[in-house]
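Here is the structure we will look at, set down as C-alpha cells.
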Amino acid sequence: MSPTTPDTLTLTVRPLTTRDAEGLIDAAVRAAEGLGVRGSVTVLDAGGHLLGFRRDDAAVLISGETSTRKAYTALQLDAPTADLVELVRPDGLFHTLPTALDRPLLFLAGGVPLHRDGRLIGALGFGGGAPEQDHRIVTGATAEAGLA
C-alpha cells in the first residue's frame, strides 16, 4: 500500500438524496405555513435534475415554474437568487444575462444553492410568496437541513 498524500486524496462528498429532498421540502412547507404562504418548492440535484417537488393545493399555478427556475438559477450561478437581483438591473454587471442565455433563469429571491462539505450538491427554490418571504422560506429550510 502506498502512502497517501494530500495531492492524491480524493474527497468524496455524499450527493443530495431523495431523502434529503423530502426533508428540505417538508422544512420549506413548515416555513411557508409559518408565514401563511401557499406555494411550490423544488429541489434539484447537482446536475440540475429534478429530485423533489411539491405544490400546495392552494398555490397559484405559476409558482411551480418560478420555484424551479429559482432553484436552477441558484444552482447555475452557485449563489442565492436574492444576491443576484441587483446584478441584472439595467445598470448591473449581469444586466444582459437573463436574455443572453437560452436557459430558464429567474432573478427573484427564493432560490439557494445547497452545499455539503463546501461542495455544491444541488439547489432549492420556492415560489408563491413575496420575494422576501420566498427567501426566508428557503434559507430556513436549508439551515434546518444543515445544507446552507
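In the C-alpha cells, each chain is lettered A, B, ... as it comes, each chain's residues begin at 1, and ligands are numbered from 1 in order of appearance.
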
Rows by chain and residue number, stretch 40-103 of chain A within 8 Å of stretch 13-36 of chain A, shortest pair, only C-alpha atoms, as a Markdown table:
```
| residue | atom | partner | partner_atom | distance |
| --- | --- | --- | --- | --- |
| A:Val41 | CA | A:Ile25 | CA | 6.4 |
| A:Thr42 | CA | A:Ile25 | CA | 7.5 |
| A:Val43 | CA | A:Ala21 | CA | 6.0 |
| A:Asp45 | CA | A:Leu16 | CA | 6.1 |
| A:Ala46 | CA | A:Leu16 | CA | 7.7 |
| A:Leu51 | CA | A:Thr18 | CA | 6.2 |
| A:Gly52 | CA | A:Ala21 | CA | 5.6 |
| A:Phe53 | CA | A:Ile25 | CA | 7.4 |
| A:Arg54 | CA | A:Ile25 | CA | 7.2 |
```

* Skipping near chain neighbours, those fewer than 6 positions away, what residues fall within 12 Å of A:Leu108 using only C-alpha atoms, listed as number ranges by chain? -> A: 66-74, 79-89, 98, 125-135

* To do: Tell me, as JSON, numbers by chain, which residues lie within 8 Å of A:Pro113, counting only C-alpha atoms; anything in the same chain fewer than 2 positions away does not count.
  => {"A": [71, 74, 75, 78, 79, 80, 111, 115, 120, 121, 122, 123, 124, 148]}

* Asked: Where does DSSP see strand (DSSP E) in chain A, if you list the residues as an MDAnalysis selection string?
  -> chainID A and resid 40:45 50:55 111:116 119:127

Selection to disk with N, CA and C atoms, as a PDB file, in the first residue's frame:
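again_6.pdb was written with the following content:
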```
ATOM      1  N   SER A  40     -44.954  26.636  -4.085  1.00  0.00           N
ATOM      2  CA  SER A  40     -44.323  25.426  -4.588  1.00  0.00           C
ATOM      3  C   SER A  40     -42.857  25.418  -4.192  1.00  0.00           C
ATOM      4  N   VAL A  41     -42.348  24.212  -3.992  1.00  0.00           N
ATOM      5  CA  VAL A  41     -40.943  24.040  -3.635  1.00  0.00           C
ATOM      6  C   VAL A  41     -40.323  23.016  -4.576  1.00  0.00           C
ATOM      7  N   THR A  42     -39.110  23.329  -5.030  1.00  0.00           N
ATOM      8  CA  THR A  42     -38.374  22.474  -5.966  1.00  0.00           C
ATOM      9  C   THR A  42     -36.992  22.179  -5.413  1.00  0.00           C
ATOM     10  N   VAL A  43     -36.553  20.923  -5.542  1.00  0.00           N
ATOM     11  CA  VAL A  43     -35.193  20.524  -5.187  1.00  0.00           C
ATOM     12  C   VAL A  43     -34.553  19.931  -6.433  1.00  0.00           C
ATOM     13  N   LEU A  44     -33.387  20.463  -6.796  1.00  0.00           N
ATOM     14  CA  LEU A  44     -32.614  19.963  -7.933  1.00  0.00           C
ATOM     15  C   LEU A  44     -31.322  19.348  -7.429  1.00  0.00           C
ATOM     16  N   ASP A  45     -30.845  18.317  -8.134  1.00  0.00           N
ATOM     17  CA  ASP A  45     -29.547  17.750  -7.787  1.00  0.00           C
ATOM     18  C   ASP A  45     -28.446  18.575  -8.444  1.00  0.00           C
ATOM     19  N   LEU A  50     -34.475  17.333 -11.582  1.00  0.00           N
ATOM     20  CA  LEU A  50     -35.491  17.387 -10.537  1.00  0.00           C
ATOM     21  C   LEU A  50     -35.340  16.202  -9.591  1.00  0.00           C
ATOM     22  N   LEU A  51     -35.208  16.512  -8.312  1.00  0.00           N
ATOM     23  CA  LEU A  51     -35.087  15.482  -7.291  1.00  0.00           C
ATOM     24  C   LEU A  51     -36.337  15.461  -6.409  1.00  0.00           C
ATOM     25  N   GLY A  52     -37.003  16.603  -6.289  1.00  0.00           N
ATOM     26  CA  GLY A  52     -38.217  16.680  -5.487  1.00  0.00           C
ATOM     27  C   GLY A  52     -39.006  17.924  -5.813  1.00  0.00           C
ATOM     28  N   PHE A  53     -40.340  17.811  -5.688  1.00  0.00           N
ATOM     29  CA  PHE A  53     -41.218  18.943  -5.989  1.00  0.00           C
ATOM     30  C   PHE A  53     -42.522  18.764  -5.225  1.00  0.00           C
ATOM     31  N   ARG A  54     -43.063  19.875  -4.729  1.00  0.00           N
ATOM     32  CA  ARG A  54     -44.394  19.863  -4.132  1.00  0.00           C
ATOM     33  C   ARG A  54     -45.052  21.225  -4.343  1.00  0.00           C
ATOM     34  N   ARG A  55     -46.310  21.202  -4.754  1.00  0.00           N
ATOM     35  CA  ARG A  55     -47.099  22.428  -4.883  1.00  0.00           C
ATOM     36  C   ARG A  55     -48.279  22.328  -3.946  1.00  0.00           C
ATOM     37  N   GLY A 111     -34.351  31.305  -4.321  1.00  0.00           N
ATOM     38  CA  GLY A 111     -33.548  30.160  -4.727  1.00  0.00           C
ATOM     39  C   GLY A 111     -32.211  30.191  -4.013  1.00  0.00           C
ATOM     40  N   VAL A 112     -31.748  29.034  -3.549  1.00  0.00           N
ATOM     41  CA  VAL A 112     -30.439  28.947  -2.884  1.00  0.00           C
ATOM     42  C   VAL A 112     -29.711  27.684  -3.317  1.00  0.00           C
ATOM     43  N   PRO A 113     -28.390  27.790  -3.468  1.00  0.00           N
ATOM     44  CA  PRO A 113     -27.608  26.580  -3.733  1.00  0.00           C
ATOM     45  C   PRO A 113     -27.497  25.763  -2.451  1.00  0.00           C
ATOM     46  N   LEU A 114     -27.271  24.476  -2.599  1.00  0.00           N
ATOM     47  CA  LEU A 114     -27.109  23.578  -1.466  1.00  0.00           C
ATOM     48  C   LEU A 114     -25.687  23.040  -1.459  1.00  0.00           C
ATOM     49  N   HIS A 115     -25.059  23.081  -0.312  1.00  0.00           N
ATOM     50  CA  HIS A 115     -23.669  22.646  -0.177  1.00  0.00           C
ATOM     51  C   HIS A 115     -23.541  21.603   0.923  1.00  0.00           C
ATOM     52  N   ARG A 116     -22.626  20.687   0.706  1.00  0.00           N
ATOM     53  CA  ARG A 116     -22.252  19.723   1.738  1.00  0.00           C
ATOM     54  C   ARG A 116     -20.725  19.664   1.728  1.00  0.00           C
ATOM     55  N   ARG A 119     -19.026  21.692  -0.937  1.00  0.00           N
ATOM     56  CA  ARG A 119     -19.226  21.366  -2.355  1.00  0.00           C
ATOM     57  C   ARG A 119     -20.682  21.564  -2.745  1.00  0.00           C
ATOM     58  N   LEU A 120     -20.902  22.069  -3.939  1.00  0.00           N
ATOM     59  CA  LEU A 120     -22.243  22.289  -4.474  1.00  0.00           C
ATOM     60  C   LEU A 120     -22.882  20.934  -4.793  1.00  0.00           C
ATOM     61  N   ILE A 121     -24.043  20.667  -4.192  1.00  0.00           N
ATOM     62  CA  ILE A 121     -24.704  19.373  -4.412  1.00  0.00           C
ATOM     63  C   ILE A 121     -26.124  19.515  -4.960  1.00  0.00           C
ATOM     64  N   GLY A 122     -26.599  20.740  -5.117  1.00  0.00           N
ATOM     65  CA  GLY A 122     -27.950  20.930  -5.628  1.00  0.00           C
ATOM     66  C   GLY A 122     -28.456  22.319  -5.318  1.00  0.00           C
ATOM     67  N   ALA A 123     -29.782  22.480  -5.419  1.00  0.00           N
ATOM     68  CA  ALA A 123     -30.386  23.787  -5.143  1.00  0.00           C
ATOM     69  C   ALA A 123     -31.835  23.602  -4.708  1.00  0.00           C
ATOM     70  N   LEU A 124     -32.325  24.605  -3.995  1.00  0.00           N
ATOM     71  CA  LEU A 124     -33.692  24.637  -3.500  1.00  0.00           C
ATOM     72  C   LEU A 124     -34.342  25.922  -3.961  1.00  0.00           C
ATOM     73  N   GLY A 125     -35.582  25.828  -4.435  1.00  0.00           N
ATOM     74  CA  GLY A 125     -36.314  27.017  -4.844  1.00  0.00           C
ATOM     75  C   GLY A 125     -37.718  27.007  -4.291  1.00  0.00           C
ATOM     76  N   PHE A 126     -38.239  28.192  -3.971  1.00  0.00           N
ATOM     77  CA  PHE A 126     -39.617  28.338  -3.520  1.00  0.00           C
ATOM     78  C   PHE A 126     -40.241  29.500  -4.254  1.00  0.00           C
ATOM     79  N   GLY A 127     -41.469  29.302  -4.694  1.00  0.00           N
ATOM     80  CA  GLY A 127     -42.226  30.365  -5.348  1.00  0.00           C
ATOM     81  C   GLY A 127     -43.643  30.383  -4.825  1.00  0.00           C
TER      82      GLY A 127
END
```

* DSSP on the backbone, then: every residue of chain A marked alpha helix (DSSP H), written as a PyMOL selection string. => chain A and resi 18-35+62-77+97-100+131-145

* Residue nearest A:Gly140 - candidates A:Asp56, A:Ser63, A:Gly110, A:Asp117, atoms counted: only C-alpha atoms ->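 Closest candidate: A:Gly110.
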
* **Minimum-distance residue to A:Leu147, chosen among A:Gly48, A:Gly64, A:Gly118, A:Pro104 (using only C-alpha atoms)** =>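 So, comparing all the options, the nearest one is A:Gly118.
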
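Going from atom CA of A:Ile62 to atom CA of A:Gly39 covers 9.1 Å.
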